[in-house]
Amino acid sequence: MISKVDLRGLVCPEPVLATKKLLDDPEVERVEALVDDDVCVNNLQRLSRTFGACTRVRQLDGFFEIVIERAGREATAQEQSQEPLPGELKAETQGQKVGTVIFLAKDTFGDGDPEFSRTLVNLFLQTALDSGHRPRAILMANSGVKLMAPDSQVLKVLNDFKERGCEVLACGLCLEFYGLKDKVPKEQITNMFAICEYLFAADKVLQF
């Protein structure tokens, strides 16, 4: 069965949740979805991999069409060999614990003086990095996404973690609220569904 769905205009994570509901039905072999932007495309690609599905994307006039097709149907060699997307739990880790996740729901470390507390966030992350700790992911939501701003004093250490293989991801809805969505690399923009997947799959969650 083929399901066609128009997800344009929906607020994150509604497009992911609506698509997941369709894919949860074993009778649905293919989903053809219309979405607003490439960030939403990335989010649905991550979702499709959790179902072992392959995707095809077509850019149309001001929006995108993404086709998600279950494994077992015809797929190109390129689709079958694609590397996991940033922010995507690999297939072999689905249902397993994936190490430590740092969840930053605000741009301060504690609730003291705001400027000093932002300095403490940077100090904590730099100390963790220099001490050799390698979390599976650093996730940011709410005002925590401000740490990804171009003028953030924390951005350098976040990039250092990323270069060492740590996923550094920020909630797209939160970035949009704080006017930062166009200032963060698209591959580092995620959604609340993916954040939930990371948190529930973690051995340990550190939250500040």
# chains A, B, ... in the order shown; residues from 1 in each chain; ligands from 1
call {"tool": "closest_atom_pairs", "arguments": {"of": "region 136-168 of chain A", "to": "region 110-127 of chain A", "cutoff": "8 Å", "atoms": "only C-alpha atoms", "output": "tab-separated table"}}
result
residue	atom	partner	partner_atom	distance
A:Gln153	CA	A:Asn122	CA	7.0
A:Val154	CA	A:Asn122	CA	5.1
A:Val157	CA	A:Gln126	CA	6.1
A:Leu158	CA	A:Leu125	CA	7.8
call {"tool": "residues_around", "arguments": {"residues": "region 166-168 of chain A", "least_positions_apart": "6", "cutoff": "8 Å", "atoms": "only C-alpha atoms", "output": "MDAnalysis selection string"}}
result
chainID A and resid 86:87 134:139 158:159 188
call {"tool": "closest_residue", "arguments": {"among": "A:Leu169, A:Leu47, A:Ala71, A:Met148", "to": "Leu17 (chain A)", "atoms": "only C-alpha atoms"}}
result
A:Leu47
call {"tool": "residues_around", "arguments": {"residues": "Lys20 (chain A)", "least_positions_apart": "2", "cutoff": "12 Å", "atoms": "only C-alpha atoms", "output": "JSON, numbers by chain"}}
result
{"A": [3, 5, 13, 14, 15, 16, 17, 18, 22, 23, 24, 25, 26, 28, 30, 31, 33, 43, 44, 45, 46, 47, 48, 49, 50, 51, 53, 68, 193, 194]}
call {"tool": "atom_distance", "arguments": {"atom1": "CA of Asp6 (chain A)", "atom2": "CA of Leu60 (chain A)"}}
result
13.4 Å
call {"tool": "residues_around", "arguments": {"residues": "Ile102 (chain A)", "least_positions_apart": "6", "cutoff": "6 Å", "atoms": "only C-alpha atoms", "output": "list in words"}}
result
Ile138, Val205, Leu206 and Gln207 of chain A
call {"tool": "select_by_dssp", "arguments": {"residues": "chain A", "states": "strand (DSSP E)", "output": "number ranges by chain"}}
result
A: 2-6, 30-35, 54-59, 64-69, 100-104, 137-140, 167-171, 189-190, 204-207
call {"tool": "select_by_dssp", "arguments": {"residues": "region 16-176 of chain A", "states": "alpha helix (DSSP H)", "output": "MDAnalysis selection string"}}
result
chainID A and resid 16:23 38:50 77:80 114:130 155:163 172:176
call {"tool": "closest_residue", "arguments": {"among": "A:Ala170, A:Val101, A:Cys196, A:Leu155", "to": "Phe208 (chain A)", "atoms": "only C-alpha atoms"}}
result
A:Val101
